[in-house]
>>> print(open('target10.pdb').read())   # PDB, C-alpha atoms and all ligand atoms
ATOM      1  CA  MET A   1     119.034  33.464 123.772
ATOM      2  CA  PRO A   2     117.317  36.309 125.627
ATOM      3  CA  THR A   3     113.884  37.170 124.353
ATOM      4  CA  ILE A   4     113.682  40.844 123.400
ATOM      5  CA  MET A   5     110.210  42.333 123.124
ATOM      6  CA  SER A   6     109.618  44.387 119.997
ATOM      7  CA  ALA A   7     108.454  47.984 120.484
ATOM      8  CA  PRO A   8     104.902  47.248 119.234
ATOM      9  CA  ALA A   9     104.707  44.322 121.699
ATOM     10  CA  VAL A  10     105.731  46.596 124.578
ATOM     11  CA  THR A  11     103.069  49.171 123.666
ATOM     12  CA  ALA A  12     100.513  46.390 123.303
ATOM     13  CA  VAL A  13     101.176  45.367 126.925
ATOM     14  CA  LEU A  14     100.896  48.975 128.161
ATOM     15  CA  VAL A  15      97.891  50.073 126.089
ATOM     16  CA  ASP A  16      95.434  47.863 124.253
ATOM     17  CA  LEU A  17      95.306  49.567 120.846
ATOM     18  CA  SER A  18      92.809  47.063 119.419
ATOM     19  CA  ARG A  19      89.889  48.595 121.285
ATOM     20  CA  PRO A  20      88.110  51.937 121.001
ATOM     21  CA  GLY A  21      89.880  54.702 122.955
ATOM     22  CA  ARG A  22      88.750  55.608 126.463
ATOM     23  CA  TYR A  23      87.043  58.965 126.985
ATOM     24  CA  VAL A  24      86.217  61.122 129.969
ATOM     25  CA  HIS A  25      82.766  62.758 129.921
ATOM     26  CA  TRP A  26      82.172  65.707 132.221
ATOM     27  CA  GLY A  27      79.086  67.731 131.324
ATOM     28  CA  PHE A  28      79.631  69.073 127.829
ATOM     29  CA  ILE A  29      83.356  68.343 128.078
ATOM     30  CA  GLN A  30      84.544  65.164 126.381
ATOM     31  CA  ILE A  31      88.230  64.331 126.117
ATOM     32  CA  SER A  32      90.227  61.172 125.433
ATOM     33  CA  VAL A  33      92.262  59.779 128.315
ATOM     34  CA  ALA A  34      95.354  59.972 126.060
ATOM     35  CA  ASN A  35      94.944  63.724 125.547
ATOM     36  CA  LEU A  36      94.215  64.226 129.245
ATOM     37  CA  VAL A  37      97.443  62.392 130.142
ATOM     38  CA  VAL A  38      99.439  64.613 127.743
ATOM     39  CA  ILE A  39      97.944  67.790 129.264
ATOM     40  CA  GLY A  40      98.773  66.472 132.752
ATOM     41  CA  LEU A  41     102.379  65.765 131.711
ATOM     42  CA  MET A  42     102.730  69.260 130.196
ATOM     43  CA  LEU A  43     101.487  70.846 133.448
ATOM     44  CA  LEU A  44     103.905  68.680 135.432
ATOM     45  CA  VAL A  45     106.906  69.595 133.240
ATOM     46  CA  PHE A  46     105.885  73.285 133.368
ATOM     47  CA  ILE A  47     105.858  73.250 137.177
ATOM     48  CA  LEU A  48     109.170  71.345 137.307
ATOM     49  CA  ALA A  49     110.772  73.814 134.847
ATOM     50  CA  ILE A  50     109.978  76.653 137.242
ATOM     51  CA  ALA A  51     110.743  74.778 140.474
ATOM     52  CA  ILE A  52     113.997  72.984 139.628
ATOM     53  CA  PRO A  53     117.045  75.282 139.948
ATOM     54  CA  PHE A  54     119.131  75.752 136.803
ATOM     55  CA  PRO A  55     122.728  74.449 137.046
ATOM     56  CA  HIS A  56     125.432  77.186 137.232
ATOM     57  CA  GLY A  57     122.655  79.675 138.049
ATOM     58  CA  GLY A  58     123.449  82.838 139.983
ATOM     59  CA  LYS A  59     126.791  83.491 138.246
ATOM     60  CA  LYS A  60     127.350  87.069 137.034
TER      61      LYS A  60
ATOM     62  CA  MET B   1     130.053 106.912  86.879
ATOM     63  CA  SER B   2     131.832 104.858  89.397
ATOM     64  CA  THR B   3     134.271 102.177  88.393
ATOM     65  CA  ILE B   4     135.897  99.487  90.394
ATOM     66  CA  SER B   5     139.100 101.519  90.613
ATOM     67  CA  ASP B   6     137.185 104.273  92.518
ATOM     68  CA  ALA B   7     136.774 101.973  95.485
ATOM     69  CA  PRO B   8     139.496 102.582  98.070
ATOM     70  CA  MET B   9     141.253  99.497  99.352
ATOM     71  CA  GLU B  10     139.666  98.449 102.647
ATOM     72  CA  PRO B  11     141.922  97.513 105.517
ATOM     73  CA  ALA B  12     141.833  93.784 106.231
ATOM     74  CA  GLY B  13     139.288  92.753 108.872
ATOM     75  CA  GLN B  14     136.998  95.707 108.247
ATOM     76  CA  VAL B  15     135.425  94.509 105.033
ATOM     77  CA  GLY B  16     131.654  94.947 105.144
ATOM     78  CA  TYR B  17     131.448  97.152 108.241
ATOM     79  CA  ARG B  18     132.871 100.356 106.785
ATOM     80  CA  PRO B  19     130.116 102.996 107.078
ATOM     81  CA  ASP B  20     130.278 103.892 103.402
ATOM     82  CA  THR B  21     127.316 105.706 101.977
ATOM     83  CA  ARG B  22     127.234 104.753  98.328
ATOM     84  CA  PRO B  23     123.597 104.640  97.198
ATOM     85  CA  THR B  24     123.363 100.977  96.212
ATOM     86  CA  TRP B  25     120.512  98.749  97.428
ATOM     87  CA  THR B  26     122.944  96.115  98.633
ATOM     88  CA  GLY B  27     124.843  98.696 100.682
ATOM     89  CA  ARG B  28     121.644 100.170 102.110
ATOM     90  CA  LEU B  29     120.310  96.709 102.977
ATOM     91  CA  ARG B  30     123.606  95.771 104.658
ATOM     92  CA  ARG B  31     123.743  98.990 106.698
ATOM     93  CA  ARG B  32     120.142  98.493 107.811
ATOM     94  CA  ALA B  33     120.673  94.817 108.688
ATOM     95  CA  VAL B  34     123.843  95.544 110.679
ATOM     96  CA  ALA B  35     122.156  98.484 112.463
ATOM     97  CA  THR B  36     119.068  96.479 113.513
ATOM     98  CA  LEU B  37     120.948  93.280 114.354
ATOM     99  CA  PRO B  38     124.637  93.936 115.054
ATOM    100  CA  PRO B  39     126.685  90.685 115.234
ATOM    101  CA  GLU B  40     127.013  90.854 119.032
ATOM    102  CA  LYS B  41     123.196  90.934 119.311
ATOM    103  CA  LEU B  42     122.671  88.272 116.641
ATOM    104  CA  LEU B  43     125.046  85.799 118.322
ATOM    105  CA  PRO B  44     125.455  86.907 121.960
ATOM    106  CA  ASP B  45     127.876  85.001 124.204
ATOM    107  CA  SER B  46     126.155  85.837 127.482
ATOM    108  CA  GLN B  47     122.632  86.452 128.784
ATOM    109  CA  PRO B  48     121.317  88.350 131.850
ATOM    110  CA  SER B  49     121.335  86.272 135.064
ATOM    111  CA  TYR B  50     117.509  85.974 135.154
ATOM    112  CA  VAL B  51     117.719  83.779 132.030
ATOM    113  CA  ALA B  52     119.275  81.006 134.161
ATOM    114  CA  SER B  53     115.999  79.082 134.544
ATOM    115  CA  TRP B  54     114.724  75.925 132.842
ATOM    116  CA  ILE B  55     111.674  77.775 131.539
ATOM    117  CA  TYR B  56     113.902  79.698 129.089
ATOM    118  CA  VAL B  57     115.120  76.422 127.574
ATOM    119  CA  PHE B  58     111.762  75.532 126.033
ATOM    120  CA  GLY B  59     112.069  77.814 123.000
ATOM    121  CA  ALA B  60     115.331  76.092 122.073
ATOM    122  CA  LEU B  61     113.807  72.652 122.795
ATOM    123  CA  THR B  62     110.950  73.523 120.410
ATOM    124  CA  LEU B  63     113.533  74.502 117.780
ATOM    125  CA  GLY B  64     115.366  71.203 118.294
ATOM    126  CA  ALA B  65     112.186  69.141 117.921
ATOM    127  CA  PHE B  66     111.315  71.152 114.794
ATOM    128  CA  GLY B  67     114.725  70.205 113.360
ATOM    129  CA  VAL B  68     114.069  66.488 114.031
ATOM    130  CA  VAL B  69     110.648  66.758 112.353
ATOM    131  CA  LEU B  70     112.120  68.479 109.267
ATOM    132  CA  ALA B  71     115.006  66.005 108.950
ATOM    133  CA  SER B  72     112.848  62.870 109.389
ATOM    134  CA  GLY B  73     110.250  64.345 107.003
ATOM    135  CA  ALA B  74     112.978  64.881 104.409
ATOM    136  CA  VAL B  75     114.008  61.208 104.682
ATOM    137  CA  LEU B  76     110.347  60.133 104.262
ATOM    138  CA  ALA B  77     110.054  62.342 101.161
ATOM    139  CA  VAL B  78     113.227  60.886  99.618
ATOM    140  CA  LYS B  79     112.213  57.259 100.176
ATOM    141  CA  GLY B  80     108.453  57.501  99.514
ATOM    142  CA  PRO B  81     105.326  55.772 100.915
ATOM    143  CA  ASP B  82     106.237  52.298  99.612
ATOM    144  CA  TRP B  83     109.170  52.466 101.999
ATOM    145  CA  TRP B  84     107.654  54.126 105.073
ATOM    146  CA  HIS B  85     104.488  51.965 105.116
ATOM    147  CA  VAL B  86     106.261  48.628 104.708
ATOM    148  CA  SER B  87     109.940  48.378 105.719
ATOM    149  CA  SER B  88     110.946  48.401 109.385
ATOM    150  CA  ALA B  89     113.433  51.236 108.793
ATOM    151  CA  GLY B  90     110.642  53.193 107.069
ATOM    152  CA  LEU B  91     108.218  52.560 109.936
ATOM    153  CA  PHE B  92     110.916  53.688 112.359
ATOM    154  CA  VAL B  93     111.567  56.995 110.555
ATOM    155  CA  ASN B  94     107.810  57.536 110.255
ATOM    156  CA  SER B  95     107.564  57.048 114.038
ATOM    157  CA  VAL B  96     110.445  59.473 114.638
ATOM    158  CA  HIS B  97     108.494  61.999 112.538
ATOM    159  CA  LEU B  98     105.313  61.476 114.606
ATOM    160  CA  TRP B  99     106.979  61.496 118.037
ATOM    161  CA  GLY B 100     109.151  64.454 117.036
ATOM    162  CA  THR B 101     105.926  66.297 116.288
ATOM    163  CA  GLU B 102     104.431  65.265 119.639
ATOM    164  CA  LEU B 103     107.490  66.673 121.427
ATOM    165  CA  PHE B 104     107.458  69.801 119.227
ATOM    166  CA  PHE B 105     103.926  70.650 120.411
ATOM    167  CA  PHE B 106     104.640  69.535 123.977
ATOM    168  CA  PHE B 107     107.621  71.913 124.250
ATOM    169  CA  MET B 108     105.834  74.703 122.336
ATOM    170  CA  VAL B 109     102.855  74.677 124.719
ATOM    171  CA  ILE B 110     105.127  74.887 127.807
ATOM    172  CA  HIS B 111     107.104  77.662 126.038
ATOM    173  CA  LEU B 112     103.895  79.596 125.382
ATOM    174  CA  TRP B 113     102.626  79.143 128.966
ATOM    175  CA  GLY B 114     105.955  80.432 130.242
ATOM    176  CA  LYS B 115     105.897  83.471 127.947
ATOM    177  CA  PHE B 116     102.209  84.113 128.805
ATOM    178  CA  PHE B 117     102.776  84.162 132.583
ATOM    179  CA  MET B 118     105.831  86.448 132.249
ATOM    180  CA  ALA B 119     103.900  88.692 129.797
ATOM    181  CA  ALA B 120     106.849  88.430 127.414
ATOM    182  CA  TRP B 121     105.188  90.809 124.930
ATOM    183  CA  ARG B 122     106.224  93.753 127.163
ATOM    184  CA  GLY B 123     108.838  96.262 125.976
ATOM    185  CA  ARG B 124     108.179  96.347 122.194
ATOM    186  CA  ARG B 125     108.089  92.558 121.973
ATOM    187  CA  ARG B 126     104.555  92.421 120.532
ATOM    188  CA  ALA B 127     105.786  91.138 117.149
ATOM    189  CA  THR B 128     107.666  88.288 118.889
ATOM    190  CA  TRP B 129     104.409  87.163 120.517
ATOM    191  CA  ILE B 130     102.419  87.517 117.275
ATOM    192  CA  THR B 131     104.939  85.510 115.205
ATOM    193  CA  GLY B 132     104.748  82.868 117.969
ATOM    194  CA  VAL B 133     100.944  82.750 117.731
ATOM    195  CA  LEU B 134     101.170  82.423 113.926
ATOM    196  CA  ALA B 135     103.831  79.686 114.199
ATOM    197  CA  PHE B 136     101.514  77.826 116.610
ATOM    198  CA  ALA B 137      98.421  78.158 114.378
ATOM    199  CA  ILE B 138     100.220  77.174 111.175
ATOM    200  CA  SER B 139     101.935  74.249 112.935
ATOM    201  CA  ILE B 140      98.458  72.933 113.833
ATOM    202  CA  ALA B 141      97.422  73.159 110.158
ATOM    203  CA  THR B 142     100.640  71.352 109.197
ATOM    204  CA  ALA B 143      99.859  68.568 111.682
ATOM    205  CA  PHE B 144      96.267  68.247 110.363
ATOM    206  CA  THR B 145      97.485  67.851 106.766
ATOM    207  CA  GLY B 146      99.978  65.284 108.101
ATOM    208  CA  TYR B 147      97.106  63.230 109.530
ATOM    209  CA  LEU B 148      95.426  63.475 106.097
ATOM    210  CA  SER B 149      98.600  62.035 104.507
ATOM    211  CA  GLN B 150      98.523  58.746 106.460
ATOM    212  CA  GLN B 151      96.643  56.855 103.708
ATOM    213  CA  ASN B 152      94.610  54.791 106.200
ATOM    214  CA  PHE B 153      91.040  54.653 107.528
ATOM    215  CA  ASP B 154      91.945  57.216 110.173
ATOM    216  CA  SER B 155      92.955  59.783 107.544
ATOM    217  CA  GLU B 156      89.803  59.046 105.513
ATOM    218  CA  TRP B 157      87.659  59.637 108.596
ATOM    219  CA  ILE B 158      89.518  62.849 109.513
ATOM    220  CA  GLY B 159      89.316  64.054 105.888
ATOM    221  CA  THR B 160      85.565  63.583 105.544
ATOM    222  CA  GLN B 161      84.865  65.126 108.956
ATOM    223  CA  ALA B 162      87.082  68.103 108.125
ATOM    224  CA  LYS B 163      85.436  68.450 104.702
ATOM    225  CA  ASP B 164      82.028  68.777 106.400
ATOM    226  CA  GLY B 165      83.312  71.305 108.909
ATOM    227  CA  ILE B 166      85.172  73.427 106.360
ATOM    228  CA  ASN B 167      82.222  73.359 103.924
ATOM    229  CA  ALA B 168      80.059  74.721 106.729
ATOM    230  CA  THR B 169      82.327  77.774 106.935
ATOM    231  CA  GLY B 170      82.219  78.325 103.165
ATOM    232  CA  ALA B 171      85.979  77.859 102.795
ATOM    233  CA  GLY B 172      85.427  74.454 101.163
ATOM    234  CA  ALA B 173      85.040  76.291  97.834
ATOM    235  CA  PHE B 174      88.675  77.434  97.979
ATOM    236  CA  TRP B 175      90.486  74.209  98.865
ATOM    237  CA  ASN B 176      89.582  70.571  99.215
ATOM    238  CA  VAL B 177      90.798  68.534 102.179
ATOM    239  CA  LEU B 178      89.713  65.384 100.317
ATOM    240  CA  ASP B 179      92.234  66.130  97.538
ATOM    241  CA  PHE B 180      95.109  63.910  98.684
ATOM    242  CA  GLY B 181      97.720  65.407  96.321
ATOM    243  CA  GLN B 182      96.871  68.961  97.386
ATOM    244  CA  MET B 183      97.001  68.124 101.104
ATOM    245  CA  LEU B 184     100.264  66.152 100.772
ATOM    246  CA  LEU B 185     101.899  69.091  98.951
ATOM    247  CA  TRP B 186     100.646  71.523 101.603
ATOM    248  CA  HIS B 187     102.028  69.198 104.259
ATOM    249  CA  VAL B 188     105.504  68.691 102.801
ATOM    250  CA  LEU B 189     106.098  72.054 101.161
ATOM    251  CA  LEU B 190     103.837  75.063 101.736
ATOM    252  CA  LEU B 191     102.994  74.846 105.437
ATOM    253  CA  PRO B 192     106.437  73.787 106.749
ATOM    254  CA  LEU B 193     107.949  76.626 104.726
ATOM    255  CA  VAL B 194     105.594  79.145 106.355
ATOM    256  CA  VAL B 195     106.310  77.709 109.837
ATOM    257  CA  ALA B 196     110.071  77.897 109.172
ATOM    258  CA  VAL B 197     109.833  81.530 108.016
ATOM    259  CA  MET B 198     107.715  82.421 111.090
ATOM    260  CA  VAL B 199     110.187  80.707 113.428
ATOM    261  CA  GLY B 200     113.085  82.487 111.695
ATOM    262  CA  ILE B 201     111.501  85.930 112.185
ATOM    263  CA  HIS B 202     110.488  84.953 115.762
ATOM    264  CA  VAL B 203     114.049  84.049 116.785
ATOM    265  CA  LEU B 204     115.600  87.106 115.054
ATOM    266  CA  LEU B 205     113.114  89.324 116.921
ATOM    267  CA  VAL B 206     114.135  87.715 120.225
ATOM    268  CA  ARG B 207     117.776  88.479 119.361
ATOM    269  CA  ARG B 208     116.958  92.049 118.378
ATOM    270  CA  ARG B 209     115.010  92.957 121.533
ATOM    271  CA  GLY B 210     116.899  90.815 124.033
ATOM    272  CA  VAL B 211     115.221  88.567 126.613
ATOM    273  CA  VAL B 212     112.404  90.321 128.487
ATOM    274  CA  PRO B 213     113.313  91.258 132.112
ATOM    275  CA  PRO B 214     111.135  89.648 134.812
ATOM    276  CA  PHE B 215     108.429  91.598 136.645
ATOM    277  CA  PRO B 216     109.857  93.678 139.510
ATOM    278  CA  ALA B 217     109.435  92.070 142.950
ATOM    279  CA  LYS B 218     106.414  93.197 145.000
ATOM    280  CA  GLY B 219     107.146  96.527 146.712
ATOM    281  CA  ALA B 220     110.291  97.153 144.653
ATOM    282  CA  ASP B 221     110.895 100.563 143.050
ATOM    283  CA  ARG B 222     109.633 100.655 139.501
TER     284      ARG B 222
HETATM  285  C1  LIG C 301     107.478  76.979 116.386
HETATM  286  C2  LIG C 301     107.379  77.240 117.647
HETATM  287  C3  LIG C 301     108.294  78.145 118.422
HETATM  288  C4  LIG C 301     109.668  78.178 118.449
HETATM  289  C5  LIG C 301     110.638  77.266 117.696
HETATM  290  C6  LIG C 301     110.031  79.244 119.372
HETATM  291  C7  LIG C 301     111.350  79.568 119.691
HETATM  292  C8  LIG C 301     111.708  80.559 120.599
HETATM  293  C9  LIG C 301     113.033  80.777 121.123
HETATM  294  C10 LIG C 301     114.268  79.941 120.755
HETATM  295  C11 LIG C 301     112.981  81.824 121.976
HETATM  296  C12 LIG C 301     114.113  82.404 122.843
HETATM  297  C13 LIG C 301     114.396  81.499 124.008
HETATM  298  C14 LIG C 301     113.275  81.420 125.027
HETATM  299  O1  LIG C 301     112.962  82.434 125.684
HETATM  300  O2  LIG C 301     112.693  80.328 125.144
HETATM  301  C15 LIG C 301     111.620  82.321 121.982
HETATM  302  C16 LIG C 301     111.153  83.425 122.687
HETATM  303  C17 LIG C 301     109.830  83.847 122.721
HETATM  304  N1  LIG C 301     108.724  83.123 122.280
HETATM  305 FE1  LIG C 301     108.823  81.512 121.057
HETATM  306  N2  LIG C 301     108.887  79.839 119.856
HETATM  307  C18 LIG C 301     107.803  79.201 119.304
HETATM  308  C19 LIG C 301     106.469  79.453 119.563
HETATM  309  C20 LIG C 301     105.994  80.484 120.369
HETATM  310  C21 LIG C 301     104.610  80.692 120.734
HETATM  311  C22 LIG C 301     103.458  79.795 120.335
HETATM  312  C23 LIG C 301     104.562  81.836 121.500
HETATM  313  C24 LIG C 301     103.380  82.526 122.148
HETATM  314  C25 LIG C 301     102.237  82.682 121.574
HETATM  315  C26 LIG C 301     105.913  82.338 121.622
HETATM  316  C27 LIG C 301     106.289  83.491 122.296
HETATM  317  C28 LIG C 301     107.579  83.879 122.547
HETATM  318  C29 LIG C 301     107.968  85.137 123.132
HETATM  319  C30 LIG C 301     107.014  86.273 123.545
HETATM  320  C31 LIG C 301     109.367  85.118 123.241
HETATM  321  C32 LIG C 301     110.259  86.246 123.711
HETATM  322  C33 LIG C 301     110.637  86.177 125.125
HETATM  323  C34 LIG C 301     111.540  87.335 125.475
HETATM  324  O3  LIG C 301     111.710  88.282 124.711
HETATM  325  O4  LIG C 301     112.068  87.273 126.556
HETATM  326  N3  LIG C 301     106.760  81.477 120.943
HETATM  327  N4  LIG C 301     110.846  81.520 121.143
END
>>> encode(input="target10.pdb", output="structure tokens")
Amino acid sequence: MPTIMSAPAVTAVLVDLSRPGRYVHWGFIQISVANLVVIGLMLLVFILAIAIPFPHGGKK
Amino acid sequence: MSTISDAPMEPAGQVGYRPDTRPTWTGRLRRRAVATLPPEKLLPDSQPSYVASWIYVFGALTLGAFGVVLASGAVLAVKGPDWWHVSSAGLFVNSVHLWGTELFFFFMVIHLWGKFFMAAWRGRRRATWITGVLAFAISIATAFTGYLSQQNFDSEWIGTQAKDGINATGAGAFWNVLDFGQMLLWHVLLLPLVVAVMVGIHVLLVRRRGVVPPFPAKGADR
């Protein structure tokens, strides 16, 4: 029988949730790594949304 | 006095759009609604070519995520905390509710960046921008009351911290973030209702004004 990892087990391998979160300190700025990753992903998707051509564009 | 027999028979297919002028509030409301948002503006079947860009999809993505959040929240409300804290199906729907919210804000922020950099409040679209700002602010309040509804140490910590902060502003006299029942009711009824109304007005305004044209190219005639 194949062993299937449960979703919590997968997350546990990726991020250790049993420890205090990691933070970035930069002067008076303090932000969790998780929030920083989300902001980075939003910037990335924003740039891609502008850069990637829309299918069927240019009709009309 | 007018009776039903006064009304002339309307030809089939024209019911409701006849420009009659009888002074009834329903008639006046209908004429105003049809004049501000004629059906072809309310449900257009084409858009200008400049709308063919992924950045214009993010408003609709935000709407979609909002739908997932409302639907999963409704299931949680029907089944109750004994179900969502314990059973695997309950934990799953609770997770759908959380991740739907994460995507809702993710898409909304990209939507708002896009609209900011194209100055989409131009051309009498100020109210569209303002309803967007209000939808954003009230969504944040909805999310905060959601964190207060978790019934764990995290929500206790958030609640006491928020209580301190809100007391410092003086607003703590008007509502109590440590009152679980009050915050749960705000989270499942009041605040989502306000967000839904804001989103409704926001989308109708977009339909009414049409999508904002892009800035003219550098050196082009204005
Ligand atoms: C609950 C969150 C929101 C939803 C569901 C939503 C939905 C939409 C949709 C479906 C559109 C039309 C399609 C598009 O251009 O993407 C739109 C347009 C627009 N949104 Fe939002 N929006 C939300 C939040 C915001 C926020 C936070 C802002 C800015 C503060 C904003 C500003 C605008 C503006 C200015 C337009 C009009 C663009 C135009 O006329 O061309 N929206 N929104």
>>> residues_near_ligand(input="target10.pdb", ligand="ligand LIG 301 (chain C)", cutoff="7 Å", atoms="only C-alpha atoms and all ligand atoms", output="number ranges by chain")
B: 55-60, 62-63, 66, 108-109, 111-112, 115-116, 120-121, 125, 128-130, 132-133, 135-136, 195, 199, 202-203, 206, 209-213
>>> closest_atom_pairs(input="target10.pdb", of="chain A", to="chain B", cutoff="10 Å", atoms="all atoms listed in the file", output="CSV")
residue,atom,partner,partner_atom,distance
A:Val38,CA,B:Phe106,CA,8.1
A:Ile39,CA,B:Phe106,CA,8.7
A:Leu41,CA,B:Phe106,CA,8.9
A:Met42,CA,B:Phe106,CA,6.5
A:Leu43,CA,B:Ile110,CA,7.8
A:Leu44,CA,B:Ile110,CA,9.9
A:Val45,CA,B:Ile110,CA,7.8
A:Phe46,CA,B:Ile110,CA,5.8
A:Ile47,CA,B:Ile55,CA,9.3
A:Leu48,CA,B:Trp54,CA,8.5
A:Ala49,CA,B:Trp54,CA,4.9
A:Ile50,CA,B:Ile55,CA,6.1
A:Ala51,CA,B:Trp54,CA,8.7
A:Ile52,CA,B:Trp54,CA,7.4
A:Pro53,CA,B:Ser53,CA,6.7
A:Phe54,CA,B:Ser53,CA,5.1
A:Pro55,CA,B:Ala52,CA,8.0
A:His56,CA,B:Ala52,CA,7.9
A:Gly57,CA,B:Ala52,CA,5.3
A:Gly58,CA,B:Ser49,CA,6.4
A:Lys59,CA,B:Ser49,CA,6.9
A:Lys60,CA,B:Ser49,CA,6.4
>>> resolve_selection(input="target10.pdb", expression="the PyMOL selection byres (((chain B and resi 68-70) around 8) and not hetatm)", output="compact mmCIF listing (two decimals) with C-alpha atoms, keeping the file's coordinate frame")
# COMPACT_ATOMS: atom_id res chain seq x y z
CA GLY B 64 115.37 71.20 118.29
CA ALA B 65 112.19 69.14 117.92
CA PHE B 66 111.32 71.15 114.79
CA GLY B 67 114.72 70.20 113.36
CA ALA B 71 115.01 66.00 108.95
CA SER B 72 112.85 62.87 109.39
CA GLY B 73 110.25 64.34 107.00
CA ALA B 74 112.98 64.88 104.41
CA VAL B 96 110.44 59.47 114.64
CA HIS B 97 108.49 62.00 112.54
CA LEU B 98 105.31 61.48 114.61
CA GLY B 100 109.15 64.45 117.04
CA THR B 101 105.93 66.30 116.29
>>> atom_distance(input="target10.pdb", atom1="atom CA of Val75 of chain B", atom2="atom CA of Thr145 of chain B")
17.9 Å
>>> resolve_selection(input="target10.pdb", expression="the PyMOL selection byres (((chain A and resi 33) around 6) and not hetatm)", output="list in words")
Arg22, Tyr23, Ser32, Ala34, Asn35 and Leu36 of chain A
>>> atom_distance(input="target10.pdb", atom1="atom CA of Gln150 of chain B", atom2="atom CA of Met183 of chain B")
10.9 Å
>>> atom_distance(input="target10.pdb", atom1="atom CA of Thr131 of chain B", atom2="atom CA of Ala171 of chain B")
23.9 Å
>>> resolve_selection(input="target10.pdb", expression="the PyMOL selection byres (((chain B and resi 41) around 10) and not hetatm)", output="VMD selection string")
chain B and resid 34 36 to 40 42 to 45 204 206 to 210
>>> closest_residue(input="target10.pdb", among="B:His85, B:Arg126, B:Arg30, B:His187", to="Ser149 of chain B", atoms="all atoms listed in the file")
B:His187
>>> axis_aligned_box(input="target10.pdb", around="segment 10-16 of chain A", padding_each_side="5 Å", output="lines of an AutoDock Vina configuration file")
center_x = 100.6
center_y = 47.7
center_z = 125.7
size_x = 20.3
size_y = 14.7
size_z = 14.9
>>> build_atoms(input="target10.pdb", residues="segment 45-59 of chain A", atoms="N, CA and C atoms", output="compact mmCIF listing (two decimals), in the coordinates of the input")
# COMPACT_ATOMS: atom_id res chain seq x y z
N VAL A 45 105.60 69.13 133.72
CA VAL A 45 106.91 69.60 133.24
C VAL A 45 107.01 71.12 133.39
N PHE A 46 105.89 71.82 133.19
CA PHE A 46 105.88 73.28 133.37
C PHE A 46 106.24 73.65 134.81
N ILE A 47 105.59 72.96 135.75
CA ILE A 47 105.86 73.25 137.18
C ILE A 47 107.31 72.91 137.52
N LEU A 48 107.78 71.74 137.03
CA LEU A 48 109.17 71.34 137.31
C LEU A 48 110.16 72.35 136.72
N ALA A 49 109.86 72.87 135.51
CA ALA A 49 110.77 73.81 134.85
C ALA A 49 110.94 75.08 135.68
N ILE A 50 109.88 75.44 136.41
CA ILE A 50 109.98 76.65 137.24
C ILE A 50 110.62 76.32 138.59
N ALA A 51 110.31 75.12 139.12
CA ALA A 51 110.74 74.78 140.47
C ALA A 51 112.19 74.32 140.54
N ILE A 52 112.65 73.56 139.54
CA ILE A 52 114.00 72.98 139.63
C ILE A 52 115.03 74.06 139.31
N PRO A 53 116.04 74.25 140.21
CA PRO A 53 117.04 75.28 139.95
C PRO A 53 117.90 74.92 138.74
N PHE A 54 118.33 75.95 138.01
CA PHE A 54 119.13 75.75 136.80
C PHE A 54 120.59 75.60 137.20
N PRO A 55 121.32 74.60 136.68
CA PRO A 55 122.73 74.45 137.05
C PRO A 55 123.54 75.68 136.65
N HIS A 56 124.56 76.02 137.43
CA HIS A 56 125.43 77.19 137.23
C HIS A 56 124.66 78.50 137.34
N GLY A 57 123.44 78.45 137.90
CA GLY A 57 122.66 79.68 138.05
C GLY A 57 123.32 80.60 139.05
N GLY A 58 122.97 81.88 138.99
CA GLY A 58 123.45 82.84 139.98
C GLY A 58 124.83 83.39 139.70
N LYS A 59 125.52 82.88 138.64
CA LYS A 59 126.79 83.49 138.25
C LYS A 59 126.49 84.86 137.66
